[in-house]
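Enquirer: This is final.cif, which holds mmCIF, C-alpha atoms:
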data_model
#
loop_
_atom_site.group_PDB
_atom_site.id
_atom_site.type_symbol
_atom_site.label_atom_id
_atom_site.label_comp_id
_atom_site.auth_asym_id
_atom_site.auth_seq_id
_atom_site.Cartn_x
_atom_site.Cartn_y
_atom_site.Cartn_z
ATOM 1 C CA MET W 1 103.787 -8.703 175.444
ATOM 2 C CA SER W 2 100.411 -9.751 173.983
ATOM 3 C CA ALA W 3 98.466 -12.710 175.358
ATOM 4 C CA ARG W 4 99.183 -14.564 172.129
ATOM 5 C CA SER W 5 102.942 -14.071 172.287
ATOM 6 C CA VAL W 6 103.057 -14.946 176.016
ATOM 7 C CA ILE W 7 101.399 -18.299 175.442
ATOM 8 C CA GLU W 8 103.326 -19.088 172.256
ATOM 9 C CA SER W 9 106.637 -18.103 173.856
ATOM 10 C CA ARG W 10 106.358 -20.971 176.341
ATOM 11 C CA SER W 11 105.609 -23.562 173.667
ATOM 12 C CA VAL W 12 108.203 -26.180 172.743
ATOM 13 C CA GLU W 13 109.218 -26.278 169.094
ATOM 14 C CA VAL W 14 108.786 -29.736 167.579
ATOM 15 C CA ASP W 15 111.997 -30.091 165.594
ATOM 16 C CA ASP W 16 114.427 -32.946 165.084
ATOM 17 C CA ALA W 17 116.156 -32.227 168.391
ATOM 18 C CA CYS W 18 112.842 -32.395 170.236
ATOM 19 C CA LEU W 19 111.980 -35.749 168.666
ATOM 20 C CA ARG W 20 115.400 -37.255 169.295
ATOM 21 C CA GLY W 21 115.197 -36.157 172.903
ATOM 22 C CA TRP W 22 111.813 -37.869 173.304
ATOM 23 C CA PRO W 23 112.250 -41.262 171.593
ATOM 24 C CA LEU W 24 109.262 -43.472 170.897
ATOM 25 C CA PRO W 25 108.875 -46.748 172.798
ATOM 26 C CA GLN W 26 110.592 -49.532 170.885
ATOM 27 C CA PRO W 27 109.644 -53.226 170.940
ATOM 28 C CA GLU W 28 112.141 -55.810 172.062
ATOM 29 C CA ALA W 29 114.163 -57.350 169.258
ATOM 30 C CA ASP W 30 112.433 -60.686 169.831
ATOM 31 C CA GLY W 31 109.022 -59.170 170.631
ATOM 32 C CA ASP W 32 105.892 -60.441 168.894
ATOM 33 C CA LYS W 33 102.909 -58.562 167.465
ATOM 34 C CA GLU W 34 101.156 -58.562 170.844
ATOM 35 C CA GLU W 35 103.994 -56.545 172.366
ATOM 36 C CA ARG W 36 103.865 -53.985 169.548
ATOM 37 C CA GLY W 37 100.372 -52.976 170.542
ATOM 38 C CA ARG W 38 96.780 -53.521 169.512
ATOM 39 C CA VAL W 39 94.691 -50.756 167.963
ATOM 40 C CA LEU W 40 90.948 -50.592 167.390
ATOM 41 C CA VAL W 41 89.656 -48.231 164.692
ATOM 42 C CA ILE W 42 85.925 -47.469 164.741
ATOM 43 C CA ALA W 43 85.213 -45.482 161.619
ATOM 44 C CA GLY W 44 83.745 -45.332 158.135
ATOM 45 C CA SER W 45 80.248 -45.325 156.696
ATOM 46 C CA ARG W 46 78.545 -46.438 153.523
ATOM 47 C CA GLU W 47 79.468 -43.137 151.838
ATOM 48 C CA MET W 48 83.006 -42.821 153.246
ATOM 49 C CA PRO W 49 84.653 -46.199 153.794
ATOM 50 C CA GLY W 50 87.922 -44.830 152.439
ATOM 51 C CA ALA W 51 88.531 -42.689 155.521
ATOM 52 C CA LEU W 52 88.623 -45.822 157.650
ATOM 53 C CA ILE W 53 91.019 -47.518 155.263
ATOM 54 C CA LEU W 54 93.373 -44.518 155.304
ATOM 55 C CA ALA W 55 93.365 -44.316 159.103
ATOM 56 C CA ALA W 56 93.776 -48.055 159.616
ATOM 57 C CA ASN W 57 96.709 -48.328 157.213
ATOM 58 C CA ALA W 58 98.328 -45.347 158.936
ATOM 59 C CA ALA W 59 98.028 -47.048 162.331
ATOM 60 C CA LEU W 60 99.849 -50.099 160.978
ATOM 61 C CA ASN W 61 102.504 -47.966 159.291
ATOM 62 C CA ALA W 62 103.075 -46.262 162.645
ATOM 63 C CA GLY W 63 104.042 -49.643 164.061
ATOM 64 C CA ALA W 64 100.926 -51.125 165.647
ATOM 65 C CA GLY W 65 101.155 -54.906 165.878
ATOM 66 C CA LYS W 66 97.488 -55.902 165.594
ATOM 67 C CA LEU W 67 94.590 -54.098 163.965
ATOM 68 C CA THR W 68 90.865 -54.494 164.521
ATOM 69 C CA VAL W 69 88.389 -52.295 162.689
ATOM 70 C CA ALA W 70 84.694 -51.872 163.414
ATOM 71 C CA THR W 71 82.556 -50.286 160.730
ATOM 72 C CA ALA W 72 79.122 -50.059 159.166
ATOM 73 C CA ALA W 73 77.817 -53.472 158.120
ATOM 74 C CA SER W 74 77.099 -52.197 154.594
ATOM 75 C CA VAL W 75 80.807 -51.661 153.869
ATOM 76 C CA ALA W 76 82.461 -54.224 156.140
ATOM 77 C CA ARG W 77 83.197 -56.700 153.354
ATOM 78 C CA LEU W 78 84.699 -53.998 151.161
ATOM 79 C CA VAL W 79 86.870 -52.862 154.067
ATOM 80 C CA ALA W 80 87.955 -56.436 154.813
ATOM 81 C CA THR W 81 89.146 -56.810 151.227
ATOM 82 C CA ALA W 82 91.075 -53.534 151.368
ATOM 83 C CA LEU W 83 92.628 -54.341 154.772
ATOM 84 C CA PRO W 84 93.809 -57.969 154.680
ATOM 85 C CA GLU W 85 95.829 -57.379 157.872
ATOM 86 C CA ALA W 86 92.750 -56.492 159.924
ATOM 87 C CA ARG W 87 90.017 -58.237 161.823
ATOM 88 C CA VAL W 88 86.796 -56.561 160.651
ATOM 89 C CA ILE W 89 83.700 -56.223 162.837
ATOM 90 C CA GLU W 90 80.287 -55.378 161.346
ATOM 91 C CA LEU W 91 78.210 -52.790 163.227
ATOM 92 C CA ALA W 92 74.509 -52.005 162.956
ATOM 93 C CA GLU W 93 73.658 -48.763 161.146
ATOM 94 C CA THR W 94 71.110 -45.990 161.455
ATOM 95 C CA GLU W 95 68.956 -44.970 158.498
ATOM 96 C CA ALA W 96 71.133 -41.871 158.093
ATOM 97 C CA GLY W 97 74.259 -43.993 157.725
ATOM 98 C CA GLY W 98 75.649 -43.693 161.238
ATOM 99 C CA ILE W 99 76.632 -46.388 163.713
ATOM 100 C CA ALA W 100 73.635 -47.411 165.819
ATOM 101 C CA GLN W 101 73.859 -46.929 169.561
ATOM 102 C CA SER W 102 73.091 -50.617 170.010
ATOM 103 C CA ALA W 103 76.507 -51.377 168.475
ATOM 104 C CA VAL W 104 78.174 -50.318 171.727
ATOM 105 C CA GLU W 105 77.632 -53.788 173.166
ATOM 106 C CA ARG W 106 79.454 -55.371 170.218
ATOM 107 C CA VAL W 107 82.404 -52.993 170.534
ATOM 108 C CA ARG W 108 82.509 -53.072 174.321
ATOM 109 C CA GLU W 109 83.733 -56.669 174.373
ATOM 110 C CA LEU W 110 86.770 -55.667 172.289
ATOM 111 C CA LEU W 111 88.036 -52.951 174.651
ATOM 112 C CA PRO W 112 89.924 -55.101 177.196
ATOM 113 C CA ARG W 113 92.133 -56.425 174.406
ATOM 114 C CA VAL W 114 93.277 -53.152 172.818
ATOM 115 C CA ASP W 115 95.846 -50.496 173.714
ATOM 116 C CA ALA W 116 94.466 -47.562 171.697
ATOM 117 C CA VAL W 117 91.102 -46.691 170.178
ATOM 118 C CA LEU W 118 90.425 -44.324 167.272
ATOM 119 C CA ILE W 119 86.863 -43.189 166.574
ATOM 120 C CA GLY W 120 85.570 -40.896 163.875
ATOM 121 C CA PRO W 121 87.148 -40.887 160.404
ATOM 122 C CA GLY W 122 84.460 -41.066 157.732
ATOM 123 C CA MET W 123 81.556 -41.481 160.143
ATOM 124 C CA GLN W 124 78.145 -39.977 159.328
ATOM 125 C CA ASP W 125 75.040 -38.980 161.301
ATOM 126 C CA GLU W 126 76.625 -36.783 163.975
ATOM 127 C CA PRO W 127 73.861 -37.266 166.578
ATOM 128 C CA ALA W 128 74.209 -41.049 166.290
ATOM 129 C CA VAL W 129 78.005 -40.805 166.512
ATOM 130 C CA CYS W 130 77.729 -38.694 169.673
ATOM 131 C CA GLY W 131 75.315 -41.125 171.294
ATOM 132 C CA PHE W 132 77.530 -44.071 170.403
ATOM 133 C CA CYS W 133 80.659 -42.352 171.745
ATOM 134 C CA ALA W 134 79.017 -41.199 174.963
ATOM 135 C CA ASP W 135 77.854 -44.732 175.731
ATOM 136 C CA LEU W 136 81.157 -46.332 174.769
ATOM 137 C CA LEU W 137 83.178 -43.930 176.909
ATOM 138 C CA GLN W 138 81.460 -45.285 179.996
ATOM 139 C CA HIS W 139 83.306 -48.562 179.398
ATOM 140 C CA LEU W 140 86.655 -47.106 178.284
ATOM 141 C CA THR W 141 89.272 -46.598 180.990
ATOM 142 C CA THR W 142 92.894 -47.464 180.238
ATOM 143 C CA PRO W 143 93.559 -47.227 176.476
ATOM 144 C CA VAL W 144 94.415 -43.957 174.777
ATOM 145 C CA LEU W 145 91.374 -42.671 172.908
ATOM 146 C CA VAL W 146 91.742 -40.610 169.703
ATOM 147 C CA LEU W 147 88.667 -38.718 168.489
ATOM 148 C CA ASP W 148 88.573 -37.288 164.987
ATOM 149 C CA ALA W 149 85.991 -35.810 162.622
ATOM 150 C CA ALA W 150 82.352 -36.414 163.655
ATOM 151 C CA ALA W 151 83.320 -38.191 166.884
ATOM 152 C CA MET W 152 84.731 -34.959 168.313
ATOM 153 C CA ALA W 153 81.177 -33.578 168.498
ATOM 154 C CA VAL W 154 80.731 -35.599 171.690
ATOM 155 C CA VAL W 155 82.134 -32.489 173.469
ATOM 156 C CA GLY W 156 80.064 -29.834 171.664
ATOM 157 C CA PRO W 157 78.209 -27.743 170.661
ATOM 158 C CA THR W 158 75.570 -29.686 172.630
ATOM 159 C CA PRO W 159 78.002 -31.901 174.539
ATOM 160 C CA SER W 160 77.255 -35.484 175.443
ATOM 161 C CA ILE W 161 80.113 -35.347 177.960
ATOM 162 C CA GLY W 162 81.951 -32.501 179.681
ATOM 163 C CA THR W 163 85.456 -33.791 180.311
ATOM 164 C CA PHE W 164 87.382 -37.007 179.733
ATOM 165 C CA SER W 165 88.538 -39.225 182.577
ATOM 166 C CA SER W 166 91.040 -41.299 180.562
ATOM 167 C CA PRO W 167 93.828 -40.215 178.148
ATOM 168 C CA THR W 168 92.163 -38.657 175.107
ATOM 169 C CA VAL W 169 93.309 -36.836 171.959
ATOM 170 C CA LEU W 170 91.221 -34.519 169.770
ATOM 171 C CA THR W 171 92.475 -33.339 166.373
ATOM 172 C CA PRO W 172 90.408 -30.342 165.162
ATOM 173 C CA HIS W 173 91.282 -27.669 162.639
ATOM 174 C CA ALA W 174 90.152 -24.109 163.370
ATOM 175 C CA GLY W 175 86.734 -24.542 161.776
ATOM 176 C CA GLU W 176 86.043 -27.714 163.723
ATOM 177 C CA LEU W 177 87.195 -26.143 166.989
ATOM 178 C CA ALA W 178 84.872 -23.189 166.380
ATOM 179 C CA HIS W 179 82.015 -25.652 165.885
ATOM 180 C CA LEU W 180 82.869 -27.591 169.039
ATOM 181 C CA THR W 181 83.320 -24.575 171.321
ATOM 182 C CA GLY W 182 80.838 -22.155 169.801
ATOM 183 C CA GLY W 183 83.770 -19.797 169.270
ATOM 184 C CA ASP W 184 84.742 -17.625 166.334
ATOM 185 C CA LYS W 185 86.934 -19.256 163.695
ATOM 186 C CA GLU W 186 88.746 -16.010 162.899
ATOM 187 C CA LYS W 187 89.609 -15.423 166.543
ATOM 188 C CA ILE W 188 90.851 -19.018 166.865
ATOM 189 C CA CYS W 189 93.094 -18.471 163.834
ATOM 190 C CA GLN W 190 94.419 -15.266 165.429
ATOM 191 C CA GLN W 191 95.149 -16.953 168.780
ATOM 192 C CA PRO W 192 95.661 -20.646 168.045
ATOM 193 C CA ALA W 193 97.916 -21.402 171.013
ATOM 194 C CA GLN W 194 95.434 -19.896 173.440
ATOM 195 C CA ALA W 195 92.525 -21.710 171.769
ATOM 196 C CA ALA W 196 94.287 -25.083 171.927
ATOM 197 C CA SER W 197 95.356 -24.591 175.552
ATOM 198 C CA SER W 198 91.945 -23.485 176.805
ATOM 199 C CA SER W 199 90.246 -26.390 175.008
ATOM 200 C CA ALA W 200 92.717 -28.894 176.474
ATOM 201 C CA ARG W 201 91.951 -27.648 179.984
ATOM 202 C CA ARG W 202 88.221 -27.526 179.314
ATOM 203 C CA TRP W 203 88.013 -31.128 178.115
ATOM 204 C CA ASN W 204 90.949 -32.643 180.056
ATOM 205 C CA ALA W 205 92.341 -33.863 176.749
ATOM 206 C CA VAL W 206 95.307 -33.389 174.447
ATOM 207 C CA VAL W 207 94.212 -31.051 171.663
ATOM 208 C CA ALA W 208 96.069 -30.808 168.351
ATOM 209 C CA LEU W 209 94.832 -27.645 166.643
ATOM 210 C CA LYS W 210 95.831 -28.293 163.045
ATOM 211 C CA GLY W 211 97.081 -25.547 160.742
ATOM 212 C CA ALA W 212 100.160 -24.254 158.935
ATOM 213 C CA THR W 213 101.528 -24.133 162.471
ATOM 214 C CA THR W 214 99.947 -26.852 164.586
ATOM 215 C CA PHE W 215 99.673 -26.354 168.329
ATOM 216 C CA ILE W 216 99.465 -29.396 170.601
ATOM 217 C CA ALA W 217 98.206 -28.616 174.089
ATOM 218 C CA ALA W 218 97.989 -30.902 177.111
ATOM 219 C CA PRO W 219 95.486 -30.322 179.917
ATOM 220 C CA GLU W 220 98.122 -29.679 182.572
ATOM 221 C CA GLY W 221 99.563 -26.800 180.537
ATOM 222 C CA SER W 222 102.297 -28.256 178.316
ATOM 223 C CA LEU W 223 102.295 -26.793 174.820
ATOM 224 C CA TRP W 224 104.136 -27.709 171.621
ATOM 225 C CA ARG W 225 104.175 -26.034 168.219
ATOM 226 C CA HIS W 226 105.009 -27.562 164.871
ATOM 227 C CA ALA W 227 105.595 -25.496 161.754
ATOM 228 C CA GLY W 228 106.303 -27.514 158.644
ATOM 229 C CA GLY W 229 104.811 -29.654 155.960
ATOM 230 C CA ASN W 230 103.434 -28.002 152.848
ATOM 231 C CA VAL W 231 100.227 -27.013 151.131
ATOM 232 C CA GLY W 232 99.906 -30.484 149.633
ATOM 233 C CA LEU W 233 98.842 -31.782 153.051
ATOM 234 C CA ALA W 234 95.615 -29.793 152.753
ATOM 235 C CA ILE W 235 93.888 -32.607 150.884
ATOM 236 C CA SER W 236 90.971 -34.935 151.455
ATOM 237 C CA GLY W 237 91.953 -37.796 153.752
ATOM 238 C CA SER W 238 95.044 -36.138 155.214
ATOM 239 C CA GLY W 239 93.465 -35.762 158.651
ATOM 240 C CA ASP W 240 92.400 -39.406 158.633
ATOM 241 C CA VAL W 241 96.011 -40.421 158.125
ATOM 242 C CA LEU W 242 97.170 -38.182 160.974
ATOM 243 C CA ALA W 243 94.592 -39.645 163.346
ATOM 244 C CA GLY W 244 95.651 -43.156 162.382
ATOM 245 C CA VAL W 245 99.334 -42.428 162.965
ATOM 246 C CA ILE W 246 98.575 -41.016 166.421
ATOM 247 C CA ALA W 247 96.517 -44.075 167.346
ATOM 248 C CA GLY W 248 99.191 -46.440 166.047
ATOM 249 C CA LEU W 249 101.906 -44.727 168.101
ATOM 250 C CA ALA W 250 99.706 -44.774 171.196
ATOM 251 C CA SER W 251 99.114 -48.502 170.790
ATOM 252 C CA ARG W 252 102.883 -49.006 170.999
ATOM 253 C CA GLY W 253 102.991 -47.397 174.430
ATOM 254 C CA ALA W 254 103.450 -43.702 173.651
ATOM 255 C CA SER W 255 101.498 -41.394 175.945
ATOM 256 C CA ALA W 256 98.663 -39.334 174.480
ATOM 257 C CA GLU W 257 100.964 -36.284 174.392
ATOM 258 C CA GLN W 258 103.924 -38.076 172.829
ATOM 259 C CA ALA W 259 101.810 -39.883 170.250
ATOM 260 C CA THR W 260 100.240 -36.592 169.176
ATOM 261 C CA VAL W 261 103.487 -34.625 168.984
ATOM 262 C CA TRP W 262 105.214 -37.383 167.048
ATOM 263 C CA GLY W 263 102.155 -37.990 164.882
ATOM 264 C CA VAL W 264 101.981 -34.357 163.808
ATOM 265 C CA ALA W 265 105.718 -34.321 163.073
ATOM 266 C CA LEU W 266 105.732 -37.579 161.106
ATOM 267 C CA HIS W 267 102.666 -36.529 159.106
ATOM 268 C CA ALA W 268 104.274 -33.221 158.123
ATOM 269 C CA ARG W 269 107.611 -34.803 157.275
ATOM 270 C CA ALA W 270 105.857 -37.414 155.134
ATOM 271 C CA GLY W 271 104.330 -34.562 153.154
ATOM 272 C CA GLU W 272 107.721 -32.937 152.781
ATOM 273 C CA ARG W 273 109.249 -36.148 151.420
ATOM 274 C CA LEU W 274 106.440 -36.574 148.889
ATOM 275 C CA ALA W 275 106.663 -32.933 147.817
ATOM 276 C CA ALA W 276 110.405 -33.275 147.284
ATOM 277 C CA ARG W 277 109.841 -36.217 144.939
ATOM 278 C CA SER W 278 106.701 -35.207 143.079
ATOM 279 C CA GLY W 279 106.036 -31.544 143.748
ATOM 280 C CA PRO W 280 104.024 -29.743 146.428
ATOM 281 C CA LEU W 281 100.598 -30.398 144.891
ATOM 282 C CA GLY W 282 98.926 -33.541 143.634
ATOM 283 C CA TYR W 283 100.191 -36.285 145.909
ATOM 284 C CA LEU W 284 97.455 -38.226 147.683
ATOM 285 C CA ALA W 285 96.649 -38.800 151.341
ATOM 286 C CA ARG W 286 96.993 -42.542 150.739
ATOM 287 C CA ASP W 287 100.691 -41.973 149.942
ATOM 288 C CA LEU W 288 101.503 -40.324 153.276
ATOM 289 C CA SER W 289 101.562 -43.220 155.706
ATOM 290 C CA ALA W 290 103.928 -45.298 153.578
ATOM 291 C CA GLU W 291 106.604 -42.684 154.339
ATOM 292 C CA VAL W 292 106.222 -43.091 158.101
ATOM 293 C CA PRO W 293 108.253 -46.282 158.710
ATOM 294 C CA ALA W 294 111.395 -44.836 157.100
ATOM 295 C CA LEU W 295 110.974 -41.582 159.027
ATOM 296 C CA MET W 296 110.660 -43.444 162.314
ATOM 297 C CA GLY W 297 113.684 -45.517 161.402
ATOM 298 C CA LYS W 298 115.701 -42.374 160.777
ATOM 299 C CA PHE W 299 115.089 -41.168 164.321
ATOM 300 C CA ALA W 300 115.474 -44.619 165.879
ATOM 301 C CA ASN W 301 118.954 -44.815 164.344
#
Give the structure from this file in structure tokens form.
Expert:
Amino acid sequence: MSARSVIESRSVEVDDACLRGWPLPQPEADGDKEERGRVLVIAGSREMPGALILAANAALNAGAGKLTVATAASVARLVATALPEARVIELAETEAGGIAQSAVERVRELLPRVDAVLIGPGMQDEPAVCGFCADLLQHLTTPVLVLDAAAMAVVGPTPSIGTFSSPTVLTPHAGELAHLTGGDKEKICQQPAQAASSSARRWNAVVALKGATTFIAAPEGSLWRHAGGNVGLAISGSGDVLAGVIAGLASRGASAEQATVWGVALHARAGERLAARSGPLGYLARDLSAEVPALMGKFAN
């Protein structure tokens, strides 16, 4: 048996039975928004504020109770208008449009009051993002951290950190993983399970290697595979929604592994529902997260 088939053969298929056997944490019937979890989304830039809005809405649709967003000062008012449910924090910017490293002190004071943190969607100036993340991680201990897009560069190709000491999720596609590891994209596509598993061990993080079949690997060796969704999910903003769903689920008390497995499944099933109504091409990323509450309700019932 090839190395690829050996690794894939021990993966758990993420189907309805898997999800029903691993139910998400549910709030008490009389619980308030504090009990449903608090999520902090650090994202966006003057050229891509929409990515933050997509991710933040997805976190709320995944059931988070309270939302705080921190973004570039130049777009904070726009974001506040688009996200009336959120507290919006303005952060200092670099000339290249990134978040300045000095902004860590402003964000640091928020960390004790949140249950999950998402960093990355729509952020610019990769060196500035890496410096910001590396500094912030020194103050982050208990919440689940989700890194997406530019924020994942904190682990490569010139890493600011080697491994994570608190629960962390990374959500690369094959091209991004090749960039982070210095590996070959074609080889990663040929052996996705092995690539996800080795990266999870290397970084001590949950790695969701996105593709037609997505592999979710945990650092201790657990591996899940999800085949589903449709070509319509390959659209601008889709990954931002996925990252937001994962962060929202984590804020409710799901572990990094459970939030990622469920997030991938809900994201794909949302695409399937939209494709069934409007066709496989042409629906928008902004439409995905609105499908999530009904999907979660289906499994809760």
Enquirer: With only C-alpha atoms as the counted atoms, please give the residues lying no more than 7 Å from Ala247 (chain W), apart from itself and same-chain residues fewer than 4 positions off, as number ranges by chain.
Expert: W: 39, 59, 116-118, 146, 243, 251
Enquirer: Using all atoms listed in the file, which of the listed residues (W:Arg269, W:Ala72, W:Thr260, W:Ala100) sits closest to Arg225 (chain W)?
Expert: W:Thr260
Enquirer: Could you expand the PyMOL selection byres ((chain W and resi 192-200) around 9) into the explicit residues it covers here, written as a PyMOL selection string?
Expert: chain W and resi 3-5+7-8+11+170+174+177+181+187-191+201-209+211+213-225
Enquirer: May I have the residues within 9 Å of region 77-91 of chain W as a list of chain:residue names, using only C-alpha atoms and disregarding those fewer than 5 positions away in the same chain?
Expert: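 Once the nearby chain positions are removed, what remains is W:Pro49, W:Gly50, W:Leu52, W:Ile53, W:Ala56, W:Asn57, W:Leu60, W:Lys66, W:Leu67, W:Thr68, W:Val69, W:Ala70, W:Thr71, W:Ala72, W:Ile99, W:Ala100, W:Ser102, W:Ala103, W:Val104, W:Arg106, W:Val107.
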Enquirer: Given all atoms listed in the file as the basis, pick out the residue of W:Leu249, W:Ala300, W:Cys130, W:Leu233 nearest to Arg273 (chain W).
Expert: W:Leu233
Enquirer: In Å, rounded to a single decimal, give me how far CA of Leu147 (chain W) is from CA of Thr168 (chain W).
Expert: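 Atom-to-atom, CA of Thr168 (chain W) and CA of Leu147 (chain W) are spaced 7.5 Å apart.
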Enquirer: Determine, counting only C-alpha atoms, which protein, DNA and RNA residues have an atom within 9 Å of an atom of Ala265 (chain W); residues of the same chain fewer than 3 positions away are not included. Present the result as number ranges by chain.
Expert: W: 14-15, 19, 226-229, 260-262, 268-270
Enquirer: Mind dumping the selected residues with C-alpha atoms as a PDB file, in the coordinates of the input?
Expert:
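In the end it all went to part_12.pdb:
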ATOM      1  CA  VAL W  14     108.786 -29.736 167.579  1.00  0.00           C
ATOM      2  CA  ASP W  15     111.997 -30.091 165.594  1.00  0.00           C
ATOM      3  CA  LEU W  19     111.980 -35.749 168.666  1.00  0.00           C
ATOM      4  CA  HIS W 226     105.009 -27.562 164.871  1.00  0.00           C
ATOM      5  CA  ALA W 227     105.595 -25.496 161.754  1.00  0.00           C
ATOM      6  CA  GLY W 228     106.303 -27.514 158.644  1.00  0.00           C
ATOM      7  CA  GLY W 229     104.811 -29.654 155.960  1.00  0.00           C
ATOM      8  CA  THR W 260     100.240 -36.592 169.176  1.00  0.00           C
ATOM      9  CA  VAL W 261     103.487 -34.625 168.984  1.00  0.00           C
ATOM     10  CA  TRP W 262     105.214 -37.383 167.048  1.00  0.00           C
ATOM     11  CA  ALA W 268     104.274 -33.221 158.123  1.00  0.00           C
ATOM     12  CA  ARG W 269     107.611 -34.803 157.275  1.00  0.00           C
ATOM     13  CA  ALA W 270     105.857 -37.414 155.134  1.00  0.00           C
TER      14      ALA W 270
END
Enquirer: Figure out the distance between CA of Gly120 (chain W) and CA of Ile161 (chain W), please, to one decimal in Å.
Expert: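 Taking CA of Ile161 (chain W) and CA of Gly120 (chain W), their separation equals 16.1 Å.
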Enquirer: Build an axis-aligned box that encloses every atom of region 257-261 of chain W listed in the file, pad it by 6 Å on each side, and report its centre and edge lengths in Å to one decimal, as JSON.
Expert:
{"center_x": 102.1, "center_y": -37.3, "center_z": 171.7, "size_x": 15.7, "size_y": 17.3, "size_z": 17.4}
Enquirer: Do a neighbour search on Val114 (chain W) at 12 Å with only C-alpha atoms, toss out local chain neighbours closer than 5 positions, and write the hits as a list in words.
Expert: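 Within the cut-off, the hits are Glu34, Glu35, Arg36, Gly37, Arg38, Val39, Leu40, Val41, Ala64, Gly65, Lys66, Leu67, Thr68, Val69, Val107, Arg108, Glu109, Leu140, Thr141, Thr142, Pro143, Val144, Leu145, Ala247, Gly248, Ala250, Ser251, Arg252 and Gly253 of chain W.
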Enquirer: Find the distance between CA of His267 (chain W) and CA of Thr171 (chain W) and write it in Å to one decimal.
Expert: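 Separation between CA of His267 (chain W) and CA of Thr171 (chain W): 12.9 Å.
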Enquirer: Do you know which residues the PyMOL selection byres ((chain W and resi 299) around 12) returns on this file, as a PDB file with C-alpha atoms, in the coordinates of the input?
Expert:
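Result file follows (out-v3.pdb):
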ATOM      1  CA  ASP W  15     111.997 -30.091 165.594  1.00  0.00           C
ATOM      2  CA  ASP W  16     114.427 -32.946 165.084  1.00  0.00           C
ATOM      3  CA  ALA W  17     116.156 -32.227 168.391  1.00  0.00           C
ATOM      4  CA  CYS W  18     112.842 -32.395 170.236  1.00  0.00           C
ATOM      5  CA  LEU W  19     111.980 -35.749 168.666  1.00  0.00           C
ATOM      6  CA  ARG W  20     115.400 -37.255 169.295  1.00  0.00           C
ATOM      7  CA  GLY W  21     115.197 -36.157 172.903  1.00  0.00           C
ATOM      8  CA  TRP W  22     111.813 -37.869 173.304  1.00  0.00           C
ATOM      9  CA  PRO W  23     112.250 -41.262 171.593  1.00  0.00           C
ATOM     10  CA  LEU W  24     109.262 -43.472 170.897  1.00  0.00           C
ATOM     11  CA  PRO W  25     108.875 -46.748 172.798  1.00  0.00           C
ATOM     12  CA  GLN W  26     110.592 -49.532 170.885  1.00  0.00           C
ATOM     13  CA  TRP W 262     105.214 -37.383 167.048  1.00  0.00           C
ATOM     14  CA  ALA W 265     105.718 -34.321 163.073  1.00  0.00           C
ATOM     15  CA  LEU W 266     105.732 -37.579 161.106  1.00  0.00           C
ATOM     16  CA  VAL W 292     106.222 -43.091 158.101  1.00  0.00           C
ATOM     17  CA  PRO W 293     108.253 -46.282 158.710  1.00  0.00           C
ATOM     18  CA  ALA W 294     111.395 -44.836 157.100  1.00  0.00           C
ATOM     19  CA  LEU W 295     110.974 -41.582 159.027  1.00  0.00           C
ATOM     20  CA  MET W 296     110.660 -43.444 162.314  1.00  0.00           C
ATOM     21  CA  GLY W 297     113.684 -45.517 161.402  1.00  0.00           C
ATOM     22  CA  LYS W 298     115.701 -42.374 160.777  1.00  0.00           C
ATOM     23  CA  ALA W 300     115.474 -44.619 165.879  1.00  0.00           C
ATOM     24  CA  ASN W 301     118.954 -44.815 164.344  1.00  0.00           C
TER      25      ASN W 301
END
Enquirer: From the options W:Gln258, W:Arg113, W:Met48, W:Ala149, which residue's atoms come nearest to Gly175 (chain W), counting all atoms listed in the file?
Expert: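 The shortest atom-to-atom distance to Gly175 (chain W) comes from W:Ala149.
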Enquirer: Which one is closest to Asp240 (chain W): W:Pro27, W:Val169, W:Ala51, W:Glu272? Count only C-alpha atoms.
Expert: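 Ranked by minimum distance to Asp240 (chain W), first place goes to W:Ala51.
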Enquirer: What lies within 8 Å of Ile235 (chain W) using all atoms listed in the file, ignoring chain neighbours under 2 positions off, as an NGL selection string?
Expert: :W and (232-233 or 237-238 or 284-285)
Enquirer: For region 294-301 of chain W, which lacks atoms in the input, supply N, CA and C atoms and format the output as a PDB file, in the coordinates of the input.
Expert:
ATOM      1  N   ALA W 294     110.027 -45.298 157.330  1.00  0.00           N
ATOM      2  CA  ALA W 294     111.395 -44.836 157.100  1.00  0.00           C
ATOM      3  C   ALA W 294     111.726 -43.627 157.969  1.00  0.00           C
ATOM      4  N   LEU W 295     110.743 -42.748 158.167  1.00  0.00           N
ATOM      5  CA  LEU W 295     110.974 -41.582 159.027  1.00  0.00           C
ATOM      6  C   LEU W 295     111.212 -41.997 160.460  1.00  0.00           C
ATOM      7  N   MET W 296     110.439 -42.949 160.956  1.00  0.00           N
ATOM      8  CA  MET W 296     110.660 -43.444 162.314  1.00  0.00           C
ATOM      9  C   MET W 296     112.022 -44.123 162.434  1.00  0.00           C
ATOM     10  N   GLY W 297     112.389 -44.863 161.394  1.00  0.00           N
ATOM     11  CA  GLY W 297     113.684 -45.517 161.402  1.00  0.00           C
ATOM     12  C   GLY W 297     114.830 -44.546 161.446  1.00  0.00           C
ATOM     13  N   LYS W 298     114.674 -43.423 160.768  1.00  0.00           N
ATOM     14  CA  LYS W 298     115.701 -42.374 160.777  1.00  0.00           C
ATOM     15  C   LYS W 298     115.968 -41.893 162.200  1.00  0.00           C
ATOM     16  N   PHE W 299     114.898 -41.672 162.957  1.00  0.00           N
ATOM     17  CA  PHE W 299     115.089 -41.168 164.321  1.00  0.00           C
ATOM     18  C   PHE W 299     115.515 -42.280 165.261  1.00  0.00           C
ATOM     19  N   ALA W 300     115.067 -43.499 165.026  1.00  0.00           N
ATOM     20  CA  ALA W 300     115.474 -44.619 165.879  1.00  0.00           C
ATOM     21  C   ALA W 300     116.966 -44.874 165.754  1.00  0.00           C
ATOM     22  N   ASN W 301     117.526 -44.565 164.574  1.00  0.00           N
ATOM     23  CA  ASN W 301     118.954 -44.815 164.344  1.00  0.00           C
ATOM     24  C   ASN W 301     119.822 -43.639 164.731  1.00  0.00           C
TER      25      ASN W 301
END
